[in-house]
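Colleague: Here you go, final_4.txt (compact mmCIF, C-alpha atoms):
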```txt
# COMPACT_ATOMS: atom_id res chain seq x y z
CA MET Q 692 31.36 40.64 -91.70
CA ASN Q 693 28.67 39.85 -89.12
CA LYS Q 694 30.50 39.07 -85.91
CA ASN Q 695 28.43 37.26 -83.26
CA LEU Q 696 27.96 39.41 -80.13
CA ARG Q 697 26.89 36.52 -77.86
CA PRO Q 698 30.27 36.49 -75.96
CA PHE Q 699 30.30 40.28 -75.53
CA HIS Q 700 27.11 40.84 -73.53
CA THR Q 701 25.83 39.02 -70.47
CA PHE Q 702 22.33 38.32 -71.85
CA HIS Q 703 24.13 36.09 -74.40
CA LEU Q 704 21.50 36.58 -77.10
CA SER Q 705 22.51 35.53 -80.60
CA VAL Q 706 22.85 38.91 -82.29
CA THR Q 707 25.54 40.25 -84.60
CA ALA Q 708 27.51 43.42 -85.37
CA ASN Q 709 29.43 44.33 -88.53
CA LYS Q 710 32.71 44.54 -86.58
CA VAL Q 711 33.93 44.01 -83.00
CA ILE Q 712 37.20 45.78 -82.15
CA PRO Q 713 38.98 45.79 -78.74
CA VAL Q 714 40.54 49.18 -77.85
CA HIS Q 715 43.40 49.48 -75.33
CA THR Q 716 44.23 53.21 -75.34
CA PRO Q 717 42.26 56.46 -75.69
CA SER Q 718 43.98 57.17 -79.03
CA GLU Q 719 42.96 53.73 -80.40
CA LEU Q 720 39.43 54.44 -79.22
CA ILE Q 721 39.34 57.79 -81.04
CA ASP Q 722 40.87 56.31 -84.23
CA GLU Q 723 38.42 53.42 -84.45
CA TRP Q 724 35.43 55.59 -83.55
CA GLN Q 725 36.35 58.19 -86.18
CA LYS Q 726 36.90 55.52 -88.85
CA ALA Q 727 33.43 54.11 -88.26
CA ASN Q 728 31.93 57.59 -88.05
CA GLN Q 729 33.49 58.63 -91.39
CA ALA Q 730 32.07 55.47 -92.97
CA ASN Q 731 28.62 56.48 -91.60
CA GLN Q 732 28.56 53.36 -89.43
CA PRO Q 733 26.90 53.44 -86.00
CA VAL Q 734 29.40 52.86 -83.17
CA LEU Q 735 28.80 51.37 -79.73
CA LEU Q 736 31.34 51.35 -76.90
CA LEU Q 737 30.90 48.30 -74.67
CA GLY Q 738 32.60 47.36 -71.43
CA GLN Q 739 31.43 43.93 -70.33
CA GLY Q 740 27.94 44.29 -71.80
CA SER Q 741 26.36 43.67 -68.40
CA ASN Q 742 23.52 46.19 -68.54
CA ILE Q 743 22.60 45.82 -72.21
CA LEU Q 744 19.81 44.19 -74.18
CA PHE Q 745 20.40 44.00 -77.93
CA VAL Q 746 16.90 44.09 -79.40
CA GLU Q 747 18.18 43.32 -82.92
CA ASN Q 748 21.44 42.95 -84.89
CA PHE Q 749 23.71 46.00 -84.58
CA ALA Q 750 24.41 47.53 -88.00
CA GLY Q 751 27.83 48.95 -87.15
CA THR Q 752 31.03 48.66 -85.12
CA VAL Q 753 31.23 47.61 -81.47
CA LEU Q 754 34.33 48.84 -79.63
CA ILE Q 755 35.28 46.83 -76.53
CA ASN Q 756 36.72 49.03 -73.76
CA GLN Q 757 39.98 47.46 -72.58
CA LEU Q 758 41.59 50.57 -71.08
CA LYS Q 759 43.47 49.35 -68.00
CA GLY Q 760 45.35 50.82 -65.03
CA ILE Q 761 44.91 51.96 -61.41
CA GLN Q 762 46.83 54.86 -59.88
CA HIS Q 763 46.75 55.30 -56.10
CA THR Q 764 47.78 58.35 -54.09
CA GLU Q 765 46.89 59.38 -50.55
CA ASP Q 766 47.06 62.17 -48.01
CA GLU Q 767 46.37 62.23 -44.30
CA ASP Q 768 42.60 61.85 -44.67
CA PHE Q 769 41.86 60.20 -48.03
CA HIS Q 770 42.87 57.57 -50.57
CA TYR Q 771 42.63 58.79 -54.19
CA LEU Q 772 42.26 56.31 -57.04
CA ASN Q 773 42.39 57.08 -60.76
CA VAL Q 774 40.97 53.98 -62.47
CA ALA Q 775 40.86 53.32 -66.23
CA GLY Q 776 37.40 52.68 -67.68
CA GLY Q 777 38.07 49.12 -68.87
CA GLU Q 778 38.96 47.75 -65.42
CA ASN Q 779 36.50 45.21 -63.99
CA TRP Q 780 34.40 46.81 -61.24
CA HIS Q 781 34.29 43.83 -58.86
CA GLU Q 782 38.03 43.20 -59.25
CA LEU Q 783 38.60 46.85 -58.32
CA VAL Q 784 36.49 46.44 -55.16
CA LYS Q 785 38.50 43.32 -54.23
CA TRP Q 786 41.79 45.12 -54.90
CA THR Q 787 40.87 48.08 -52.67
CA LEU Q 788 40.36 45.72 -49.72
CA THR Q 789 43.77 44.09 -50.27
CA GLN Q 790 45.22 47.63 -50.06
CA ASN Q 791 43.25 48.34 -46.85
CA ILE Q 792 41.16 50.96 -48.70
CA MET Q 793 37.55 50.86 -47.56
CA GLY Q 794 34.28 52.31 -48.82
CA LEU Q 795 33.40 50.25 -51.91
CA GLU Q 796 32.60 46.96 -50.14
CA ASN Q 797 28.79 47.36 -50.41
CA LEU Q 798 29.21 47.53 -54.22
CA ALA Q 799 30.83 44.08 -54.49
CA LEU Q 800 29.83 41.72 -57.31
CA ILE Q 801 28.10 44.38 -59.40
CA PRO Q 802 28.86 43.22 -62.94
CA GLY Q 803 30.48 45.46 -65.54
CA CYS Q 804 33.47 47.71 -65.89
CA VAL Q 805 34.53 50.89 -64.13
CA GLY Q 806 33.64 53.13 -67.09
CA SER Q 807 30.00 52.00 -66.89
CA ALA Q 808 29.64 52.72 -63.16
CA PRO Q 809 29.02 56.50 -63.47
CA ILE Q 810 26.50 56.14 -66.31
CA GLN Q 811 24.03 54.22 -64.13
CA ASN Q 812 25.36 55.62 -60.85
CA ILE Q 813 25.50 51.98 -59.75
CA GLY Q 814 24.29 51.27 -56.25
CA ALA Q 815 23.58 48.47 -53.80
CA TYR Q 816 22.99 47.94 -50.07
CA GLY Q 817 22.66 51.61 -49.24
CA VAL Q 818 25.69 52.91 -51.18
CA GLU Q 819 25.80 54.55 -54.62
CA PHE Q 820 28.80 55.18 -56.84
CA GLU Q 821 28.43 58.96 -56.43
CA LYS Q 822 29.39 58.65 -52.74
CA ALA Q 823 32.96 57.67 -53.74
CA CYS Q 824 33.28 59.59 -57.00
CA GLU Q 825 35.54 62.64 -57.13
CA PHE Q 826 35.58 63.08 -60.91
CA VAL Q 827 34.89 61.34 -64.22
CA GLU Q 828 37.19 61.84 -67.20
CA VAL Q 829 35.56 61.79 -70.63
CA ILE Q 830 36.96 62.16 -74.11
CA ASN Q 831 35.26 64.00 -76.99
CA LEU Q 832 35.47 61.42 -79.78
CA HIS Q 833 35.28 64.08 -82.50
CA SER Q 834 38.04 66.37 -81.25
CA GLY Q 835 40.06 64.10 -78.93
CA GLU Q 836 39.73 66.71 -76.16
CA THR Q 837 39.51 65.29 -72.62
CA LEU Q 838 37.27 66.80 -69.95
CA LYS Q 839 37.27 66.15 -66.22
CA LEU Q 840 33.78 66.43 -64.70
CA SER Q 841 33.48 66.96 -60.95
CA ASN Q 842 31.05 64.90 -58.89
CA GLU Q 843 28.58 67.79 -58.98
CA GLN Q 844 28.87 68.21 -62.77
CA CYS Q 845 28.01 64.50 -63.23
CA GLN Q 846 24.43 65.27 -62.05
CA PHE Q 847 24.06 61.93 -60.30
CA GLY Q 848 20.60 60.66 -59.35
CA TYR Q 849 19.02 57.26 -58.77
CA ARG Q 850 20.39 55.18 -61.72
CA GLU Q 851 20.89 58.51 -63.43
CA SER Q 852 23.69 60.83 -64.56
CA ILE Q 853 24.67 63.39 -67.21
CA PHE Q 854 26.23 60.49 -69.15
CA LYS Q 855 22.73 59.39 -70.15
CA HIS Q 856 22.01 62.85 -71.55
CA GLU Q 857 24.46 65.59 -72.51
CA TYR Q 858 27.48 63.24 -72.67
CA LYS Q 859 25.63 60.24 -74.07
CA ASP Q 860 26.69 60.51 -77.71
CA ASP Q 861 30.14 61.28 -79.13
CA TYR Q 862 31.82 61.01 -75.71
CA ALA Q 863 33.44 58.09 -73.89
CA ILE Q 864 34.36 57.66 -70.24
CA ILE Q 865 38.07 56.85 -70.08
CA SER Q 866 38.68 56.95 -66.31
CA VAL Q 867 37.10 57.73 -62.96
CA GLY Q 868 38.55 59.34 -59.86
CA LEU Q 869 37.54 57.91 -56.51
CA LYS Q 870 38.06 59.55 -53.12
CA LEU Q 871 37.75 57.23 -50.11
CA ALA Q 872 38.00 58.43 -46.52
CA LYS Q 873 40.52 56.83 -44.19
CA GLN Q 874 38.04 57.46 -41.35
CA TRP Q 875 35.80 54.65 -42.58
CA GLN Q 876 32.12 54.46 -41.59
CA PRO Q 877 30.28 51.21 -42.47
CA THR Q 878 26.89 51.40 -44.21
CA LEU Q 879 24.65 48.74 -42.67
CA THR Q 880 21.14 49.89 -43.54
CA TYR Q 881 19.98 47.14 -45.94
CA GLY Q 882 18.99 43.49 -45.54
CA SER Q 883 21.18 41.20 -43.48
CA LEU Q 884 23.86 43.90 -43.13
CA THR Q 885 21.73 45.33 -40.30
CA GLN Q 886 22.78 42.33 -38.16
CA PHE Q 887 26.38 43.59 -37.92
CA ASP Q 888 27.66 45.71 -35.05
CA PRO Q 889 28.91 49.01 -36.55
CA THR Q 890 31.59 49.28 -33.87
CA THR Q 891 33.26 45.95 -34.69
CA VAL Q 892 32.34 45.09 -38.29
CA THR Q 893 35.11 45.03 -40.91
CA ALA Q 894 34.86 46.03 -44.57
CA GLN Q 895 35.87 42.46 -45.47
CA GLN Q 896 32.89 41.07 -43.52
CA ILE Q 897 30.53 43.41 -45.40
CA PHE Q 898 32.15 42.44 -48.71
CA ASP Q 899 31.78 38.71 -47.90
CA GLU Q 900 28.14 39.11 -46.86
CA VAL Q 901 27.23 41.14 -49.97
CA CYS Q 902 28.94 38.53 -52.18
CA ALA Q 903 27.06 35.71 -50.42
CA ILE Q 904 23.68 37.46 -50.79
CA ARG Q 905 24.24 38.34 -54.45
CA SER Q 906 25.56 34.88 -55.34
CA ALA Q 907 22.55 33.21 -53.73
CA LYS Q 908 20.03 35.46 -55.50
CA LEU Q 909 21.56 36.29 -58.86
CA PRO Q 910 22.13 33.77 -61.63
CA ASN Q 911 25.58 33.38 -63.16
CA PRO Q 912 25.30 34.84 -66.69
CA ASP Q 913 27.34 31.91 -68.03
CA GLN Q 914 24.57 29.58 -66.85
CA PHE Q 915 21.55 31.79 -67.62
CA GLY Q 916 22.23 34.97 -69.60
CA ASN Q 917 20.92 38.08 -67.84
CA ALA Q 918 21.63 41.77 -67.33
CA GLY Q 919 21.32 41.81 -63.53
CA SER Q 920 18.45 43.93 -62.18
CA PHE Q 921 16.15 44.50 -65.15
CA PHE Q 922 13.97 47.17 -63.50
CA LYS Q 923 14.65 50.17 -61.28
CA ASN Q 924 13.11 50.23 -57.81
CA PRO Q 925 10.17 52.64 -58.07
CA ILE Q 926 9.98 55.72 -55.85
CA ILE Q 927 6.40 56.58 -54.86
CA THR Q 928 4.72 59.34 -52.88
CA PHE Q 929 4.19 58.89 -49.15
CA ALA Q 930 0.41 59.06 -49.71
CA LYS Q 931 0.58 56.19 -52.22
CA PHE Q 932 2.81 54.22 -49.83
CA SER Q 933 0.33 54.74 -46.95
CA ASP Q 934 -2.44 53.23 -49.09
CA LEU Q 935 -0.24 50.23 -49.92
CA LEU Q 936 0.75 49.76 -46.28
CA THR Q 937 -2.91 49.24 -45.34
CA ALA Q 938 -3.18 46.36 -47.81
CA TYR Q 939 0.37 45.03 -47.29
CA PRO Q 940 1.54 45.75 -43.72
CA THR Q 941 4.90 43.98 -44.27
CA ILE Q 942 5.81 45.75 -47.51
CA PRO Q 943 9.59 46.41 -47.56
CA HIS Q 944 10.29 50.11 -48.06
CA TYR Q 945 13.04 52.71 -47.86
CA PRO Q 946 12.09 56.31 -46.96
CA GLN Q 947 13.86 58.93 -49.12
CA ALA Q 948 15.22 62.32 -48.07
CA ASP Q 949 12.50 64.13 -50.06
CA GLY Q 950 9.64 62.37 -48.22
CA ASN Q 951 8.96 59.85 -50.98
CA VAL Q 952 9.40 56.10 -50.47
CA LYS Q 953 11.41 53.55 -52.49
CA ILE Q 954 9.80 50.11 -52.93
CA PRO Q 955 11.79 47.06 -54.13
CA ALA Q 956 10.61 46.23 -57.67
CA GLY Q 957 11.52 42.58 -57.05
CA TRP Q 958 8.98 42.42 -54.21
CA LEU Q 959 6.24 43.92 -56.41
CA ILE Q 960 6.96 41.40 -59.18
CA ASP Q 961 7.04 38.54 -56.66
CA GLN Q 962 3.63 39.58 -55.28
CA CYS Q 963 2.27 39.17 -58.81
CA GLN Q 964 3.31 35.48 -58.62
CA LEU Q 965 5.67 35.92 -61.56
CA LYS Q 966 8.78 34.05 -60.38
CA GLY Q 967 9.50 31.40 -63.00
CA TYR Q 968 7.01 32.95 -65.47
CA GLN Q 969 8.24 32.29 -69.01
CA ILE Q 970 7.63 33.64 -72.50
CA GLY Q 971 9.51 31.79 -75.24
CA GLY Q 972 13.05 31.28 -73.97
CA ALA Q 973 12.94 34.20 -71.51
CA ALA Q 974 11.88 33.81 -67.86
CA VAL Q 975 11.61 35.66 -64.56
CA HIS Q 976 14.34 34.23 -62.33
CA THR Q 977 13.00 31.91 -59.60
CA GLN Q 978 15.31 33.30 -56.87
CA GLN Q 979 15.17 37.03 -57.65
CA ALA Q 980 12.14 38.36 -59.50
CA LEU Q 981 14.00 41.54 -60.48
CA VAL Q 982 16.14 39.51 -62.90
CA LEU Q 983 14.93 38.38 -66.33
CA ILE Q 984 16.96 35.48 -67.74
CA ASN Q 985 17.80 33.89 -71.06
CA LYS Q 986 16.62 30.46 -69.95
CA ASP Q 987 16.51 28.64 -73.25
CA ASN Q 988 17.91 30.41 -76.33
CA ALA Q 989 15.66 33.42 -75.82
CA THR Q 990 15.25 35.98 -78.57
CA ALA Q 991 15.14 39.72 -77.94
CA LYS Q 992 11.40 39.58 -78.74
CA ASP Q 993 10.91 37.05 -75.91
CA VAL Q 994 12.69 39.31 -73.41
CA ILE Q 995 10.80 42.42 -74.54
CA GLN Q 996 7.44 40.63 -74.32
CA LEU Q 997 8.31 39.31 -70.87
CA ALA Q 998 9.34 42.79 -69.65
CA LYS Q 999 6.11 44.22 -71.05
CA THR Q 1000 4.03 41.57 -69.27
CA VAL Q 1001 5.83 42.11 -65.94
CA ARG Q 1002 5.29 45.88 -66.12
CA GLN Q 1003 1.62 45.38 -67.00
CA LYS Q 1004 0.96 42.93 -64.11
CA VAL Q 1005 2.62 45.26 -61.56
CA ARG Q 1006 0.66 48.23 -62.95
CA GLU Q 1007 -2.63 46.32 -62.72
CA LYS Q 1008 -2.05 45.01 -59.19
CA PHE Q 1009 -0.42 48.02 -57.51
CA GLY Q 1010 -0.99 51.02 -59.78
CA ILE Q 1011 2.81 51.47 -59.81
CA GLU Q 1012 4.88 51.95 -62.94
CA ILE Q 1013 8.23 50.11 -62.95
CA HIS Q 1014 10.83 51.21 -65.46
CA PRO Q 1015 13.60 49.23 -67.16
CA GLU Q 1016 17.09 49.83 -65.83
CA VAL Q 1017 18.74 47.89 -68.68
CA ARG Q 1018 19.80 49.85 -71.77
CA PHE Q 1019 18.13 48.68 -75.00
CA ILE Q 1020 20.29 48.75 -78.14
CA GLY Q 1021 18.71 48.78 -81.60
CA LYS Q 1022 20.40 48.47 -84.99
CA SER Q 1023 21.98 51.92 -84.85
CA GLY Q 1024 22.24 52.64 -81.12
CA GLU Q 1025 20.30 53.04 -77.90
CA ILE Q 1026 16.52 53.13 -78.14
CA ASN Q 1027 13.81 54.04 -75.61
CA SER Q 1028 13.29 51.00 -73.37
CA GLU Q 1029 10.30 52.72 -71.78
CA GLU Q 1030 8.32 52.90 -75.03
CA ILE Q 1031 9.21 49.44 -76.31
CA THR Q 1032 8.01 47.72 -73.10
CA ARG Q 1033 5.00 49.90 -72.32
```
Can I see the file as structure tokens?
Modeller:
Amino acid sequence: MNKNLRPFHTFHLSVTANKVIPVHTPSELIDEWQKANQANQPVLLLGQGSNILFVENFAGTVLINQLKGIQHTEDEDFHYLNVAGGENWHELVKWTLTQNIMGLENLALIPGCVGSAPIQNIGAYGVEFEKACEFVEVINLHSGETLKLSNEQCQFGYRESIFKHEYKDDYAIISVGLKLAKQWQPTLTYGSLTQFDPTTVTAQQIFDEVCAIRSAKLPNPDQFGNAGSFFKNPIITFAKFSDLLTAYPTIPHYPQADGNVKIPAGWLIDQCQLKGYQIGGAAVHTQQALVLINKDNATAKDVIQLAKTVRQKVREKFGIEIHPEVRFIGKSGEINSEEITR
């Protein structure tokens, strides 16, 4: 039937799928997944398609996660939220502030839905999803059995979780449980957030500042299709960082608990003079070098070639390997983004 996927992913490339079906309940999700599976059709579950690059037409069924609902309970010390996977992440962050629930404000304006947040362990401005996560509820699409994984069982790391490995295929995230302390402590370690006074700052002020920074730097996908940050920030050894510091005394850096150092990939790309660099219809964004955009009817080949070039230039200049954060989808499912852009 060849349904155009352009409206269903934020890169807005012109690619197709055999079928696109919205699902509103876990039982609908299981039914549609099993139907496609029995017909030997590949199946892909999409939220808002915000961290996806389709590298070719998808030869199967795309299910759109529209599971909705937020349940809120509390005790003396914590707010507990059980949020359905199809809820919009940013709308959830906004809603928590209207309810005087704090702790998610640094994660404002991250695109995508709640069910995608644990997969990547989304993070920004010094806060990662795992900090607020109590559990993630998944469903086995073969058996219909639901499992509740604790924070520890999710094996969260930097842009990493068990949902990229053991629970990657044949499982779907249907809800997440968040636990947010009533004794709120602001996180003000990154960028312009350091200007705030921790004793007087409000969560709303942090939210507003994060929204302002992100809006100024990141292109609206409806204007220029993109998948947000295309690359992960590399983590390098302290010895490697010391060498870099000699050549670049002002290099921005974030020391890690294990002694290694995180370097912003956007800064590395910018130092290679790549802002605005274009291949075909794909370009490096002029405001934020970490973002690759669909500037002018880009094809998947254009984006892949651009990503490859960016990685190569950073490797040549700094001897640092940067890795794609975006998930690459081939005709029958996810493929290795690392290999295709090497």
Colleague: Neighbours of range 882-898 of chain Q within 10 Å (only C-alpha atoms; same-chain residues fewer than 3 positions away dropped), as a VMD selection string?
Modeller: chain Q and resid 784 to 785 788 to 789 791 to 800 816 to 817 875 to 879 901 to 904
Colleague: Can you work out which one of Q:Glu821, Q:Asp722, Q:Glu828, Q:Glu747 has the shortest atom-to-atom distance to Gly1024 in chain Q, counting only C-alpha atoms?
Modeller: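 The closest residue to Gly1024 in chain Q is Q:Glu747.
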Colleague: Counting all atoms listed in the file, which residue out of Q:Pro1015, Q:Asn728, Q:Phe932, Q:Phe699 sits closest to Asp860 in chain Q?
Modeller: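 When distances to Asp860 in chain Q are compared using all atoms listed in the file, the smallest one comes from Q:Asn728.
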Colleague: Between Q:Thr752, Q:Leu832, Q:Lys870, Q:Asp993, which one has atoms that come closest to Tyr858 in chain Q, using all atoms listed in the file?
Modeller: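 Closest residue, counting all atoms listed in the file: Q:Leu832.
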Colleague: Compile the contact shell of Ile1011 in chain Q as a ChimeraX atom specification: residues with an atom at most 10 Å away, counting all atoms listed in the file, same-chain residues fewer than 5 positions apart removed.
Modeller: /Q:925-927,931,954,956,959,1002-1006
Colleague: CA of Arg697 in chain Q and CA of Ser866 in chain Q are how many Å apart?
Modeller: 26.3 Å
Colleague: In Å, how far is it from CA of Asn985 in chain Q to CA of Phe854 in chain Q?
Modeller: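 For CA of Asn985 in chain Q relative to CA of Phe854 in chain Q, the distance reads 28.0 Å.
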Colleague: Please provide as a ChimeraX atom specification all residues within 12 Å of Ile743 in chain Q, with the sequence filter that same-chain residues fewer than 3 positions apart are discarded (counting all atoms listed in the file).
Modeller: /Q:696-697,699-704,735-740,746-747,802-803,807,811,916-921,991,994,1015-1021,1024-1026,1028
Colleague: Deliver the residues from the most recent selection as a file, using C-alpha atoms, as a PDB file, keeping the file's coordinate frame.
Modeller:
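Wrote it out as selection38.pdb, contents follow:
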```
ATOM      1  CA  LEU Q 696      27.960  39.410 -80.130  1.00  0.00           C
ATOM      2  CA  ARG Q 697      26.890  36.520 -77.860  1.00  0.00           C
ATOM      3  CA  PHE Q 699      30.300  40.280 -75.530  1.00  0.00           C
ATOM      4  CA  HIS Q 700      27.110  40.840 -73.530  1.00  0.00           C
ATOM      5  CA  THR Q 701      25.830  39.020 -70.470  1.00  0.00           C
ATOM      6  CA  PHE Q 702      22.330  38.320 -71.850  1.00  0.00           C
ATOM      7  CA  HIS Q 703      24.130  36.090 -74.400  1.00  0.00           C
ATOM      8  CA  LEU Q 704      21.500  36.580 -77.100  1.00  0.00           C
ATOM      9  CA  LEU Q 735      28.800  51.370 -79.730  1.00  0.00           C
ATOM     10  CA  LEU Q 736      31.340  51.350 -76.900  1.00  0.00           C
ATOM     11  CA  LEU Q 737      30.900  48.300 -74.670  1.00  0.00           C
ATOM     12  CA  GLY Q 738      32.600  47.360 -71.430  1.00  0.00           C
ATOM     13  CA  GLN Q 739      31.430  43.930 -70.330  1.00  0.00           C
ATOM     14  CA  GLY Q 740      27.940  44.290 -71.800  1.00  0.00           C
ATOM     15  CA  VAL Q 746      16.900  44.090 -79.400  1.00  0.00           C
ATOM     16  CA  GLU Q 747      18.180  43.320 -82.920  1.00  0.00           C
ATOM     17  CA  PRO Q 802      28.860  43.220 -62.940  1.00  0.00           C
ATOM     18  CA  GLY Q 803      30.480  45.460 -65.540  1.00  0.00           C
ATOM     19  CA  SER Q 807      30.000  52.000 -66.890  1.00  0.00           C
ATOM     20  CA  GLN Q 811      24.030  54.220 -64.130  1.00  0.00           C
ATOM     21  CA  GLY Q 916      22.230  34.970 -69.600  1.00  0.00           C
ATOM     22  CA  ASN Q 917      20.920  38.080 -67.840  1.00  0.00           C
ATOM     23  CA  ALA Q 918      21.630  41.770 -67.330  1.00  0.00           C
ATOM     24  CA  GLY Q 919      21.320  41.810 -63.530  1.00  0.00           C
ATOM     25  CA  SER Q 920      18.450  43.930 -62.180  1.00  0.00           C
ATOM     26  CA  PHE Q 921      16.150  44.500 -65.150  1.00  0.00           C
ATOM     27  CA  ALA Q 991      15.140  39.720 -77.940  1.00  0.00           C
ATOM     28  CA  VAL Q 994      12.690  39.310 -73.410  1.00  0.00           C
ATOM     29  CA  PRO Q1015      13.600  49.230 -67.160  1.00  0.00           C
ATOM     30  CA  GLU Q1016      17.090  49.830 -65.830  1.00  0.00           C
ATOM     31  CA  VAL Q1017      18.740  47.890 -68.680  1.00  0.00           C
ATOM     32  CA  ARG Q1018      19.800  49.850 -71.770  1.00  0.00           C
ATOM     33  CA  PHE Q1019      18.130  48.680 -75.000  1.00  0.00           C
ATOM     34  CA  ILE Q1020      20.290  48.750 -78.140  1.00  0.00           C
ATOM     35  CA  GLY Q1021      18.710  48.780 -81.600  1.00  0.00           C
ATOM     36  CA  GLY Q1024      22.240  52.640 -81.120  1.00  0.00           C
ATOM     37  CA  GLU Q1025      20.300  53.040 -77.900  1.00  0.00           C
ATOM     38  CA  ILE Q1026      16.520  53.130 -78.140  1.00  0.00           C
ATOM     39  CA  SER Q1028      13.290  51.000 -73.370  1.00  0.00           C
TER      40      SER Q1028
END
```
Colleague: Please measure the separation of CA of Ser1023 in chain Q and CA of Pro698 in chain Q, giving the value in Å to one decimal.
Modeller: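 If I compute the distance from CA of Ser1023 in chain Q to CA of Pro698 in chain Q, I get 19.6 Å.
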Colleague: Which one of Q:Cys804, Q:Tyr862, Q:Phe922, Q:Gln996 sits closest to Val734 in chain Q if you count all atoms listed in the file?
Modeller: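 Of Q:Cys804, Q:Tyr862, Q:Phe922, Q:Gln996, the one nearest Val734 in chain Q is Q:Tyr862, counting all atoms listed in the file.
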Colleague: Q:Ala815, Q:Leu840, Q:Ala708, Q:Val952: which is nearest Ser933 in chain Q, counting only C-alpha atoms?
Modeller: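 Under the stated criterion, the closest residue is Q:Val952.
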Colleague: Counting only C-alpha atoms, which residues have an atom no more than 6 Å from (34.9, 56.4, -72.9) in the file's coordinates? Please list them as an NGL selection string.
Modeller: :Q and (829 or 863-865)
Colleague: Would you mind listing what lies within 10 Å of Gly848 in chain Q as a PyMOL selection string, with all atoms listed in the file counted and same-chain residues fewer than 2 positions away left out?
Modeller: chain Q and resi 811-813+819+821+845-846+850-853
Colleague: Filtering to C-alpha atoms, could you give me those residues as a PDB file, in the coordinates of the input?
Modeller:
```pdb
ATOM      1  CA  GLN Q 811      24.030  54.220 -64.130  1.00  0.00           C
ATOM      2  CA  ASN Q 812      25.360  55.620 -60.850  1.00  0.00           C
ATOM      3  CA  ILE Q 813      25.500  51.980 -59.750  1.00  0.00           C
ATOM      4  CA  GLU Q 819      25.800  54.550 -54.620  1.00  0.00           C
ATOM      5  CA  GLU Q 821      28.430  58.960 -56.430  1.00  0.00           C
ATOM      6  CA  CYS Q 845      28.010  64.500 -63.230  1.00  0.00           C
ATOM      7  CA  GLN Q 846      24.430  65.270 -62.050  1.00  0.00           C
ATOM      8  CA  ARG Q 850      20.390  55.180 -61.720  1.00  0.00           C
ATOM      9  CA  GLU Q 851      20.890  58.510 -63.430  1.00  0.00           C
ATOM     10  CA  SER Q 852      23.690  60.830 -64.560  1.00  0.00           C
ATOM     11  CA  ILE Q 853      24.670  63.390 -67.210  1.00  0.00           C
TER      12      ILE Q 853
END
```
Colleague: Nearest to Gln962 in chain Q: which of Q:Pro717, Q:Gly751, Q:Pro943, Q:Gly760 is it, counting all atoms listed in the file?
Modeller: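 Closest to Gln962 in chain Q, using all atoms listed in the file: Q:Pro943.
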Colleague: Using the atoms already present, construct N, CA and C atoms for range 716-728 of chain Q and hand them back as a short mmCIF file (atom, residue, chain, number, x, y, z; two decimals), keeping the file's coordinate frame.
Modeller:
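Wrote it out as result_27.cif, contents follow:
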```
data_model
loop_
_atom_site.label_atom_id
_atom_site.label_comp_id
_atom_site.auth_asym_id
_atom_site.auth_seq_id
_atom_site.Cartn_x
_atom_site.Cartn_y
_atom_site.Cartn_z
N THR Q 716 43.77 51.87 -75.72
CA THR Q 716 44.23 53.21 -75.34
C THR Q 716 43.21 54.24 -75.84
N PRO Q 717 43.18 55.42 -75.21
CA PRO Q 717 42.26 56.46 -75.69
C PRO Q 717 42.48 56.80 -77.16
N SER Q 718 43.75 56.80 -77.63
CA SER Q 718 43.98 57.17 -79.03
C SER Q 718 43.44 56.09 -79.99
N GLU Q 719 43.56 54.82 -79.60
CA GLU Q 719 42.96 53.73 -80.40
C GLU Q 719 41.44 53.90 -80.45
N LEU Q 720 40.88 54.24 -79.31
CA LEU Q 720 39.43 54.44 -79.22
C LEU Q 720 38.98 55.54 -80.18
N ILE Q 721 39.69 56.67 -80.16
CA ILE Q 721 39.34 57.79 -81.04
C ILE Q 721 39.48 57.39 -82.51
N ASP Q 722 40.62 56.72 -82.83
CA ASP Q 722 40.87 56.31 -84.23
C ASP Q 722 39.75 55.43 -84.76
N GLU Q 723 39.42 54.39 -83.98
CA GLU Q 723 38.42 53.42 -84.45
C GLU Q 723 37.03 54.05 -84.52
N TRP Q 724 36.73 54.92 -83.55
CA TRP Q 724 35.43 55.59 -83.55
C TRP Q 724 35.32 56.50 -84.77
N GLN Q 725 36.39 57.25 -85.04
CA GLN Q 725 36.35 58.19 -86.18
C GLN Q 725 36.27 57.46 -87.52
N LYS Q 726 36.97 56.32 -87.61
CA LYS Q 726 36.90 55.52 -88.85
C LYS Q 726 35.46 55.10 -89.13
N ALA Q 727 34.82 54.57 -88.11
CA ALA Q 727 33.43 54.11 -88.26
C ALA Q 727 32.51 55.29 -88.55
N ASN Q 728 32.76 56.39 -87.88
CA ASN Q 728 31.93 57.59 -88.05
C ASN Q 728 32.04 58.12 -89.48
#
```
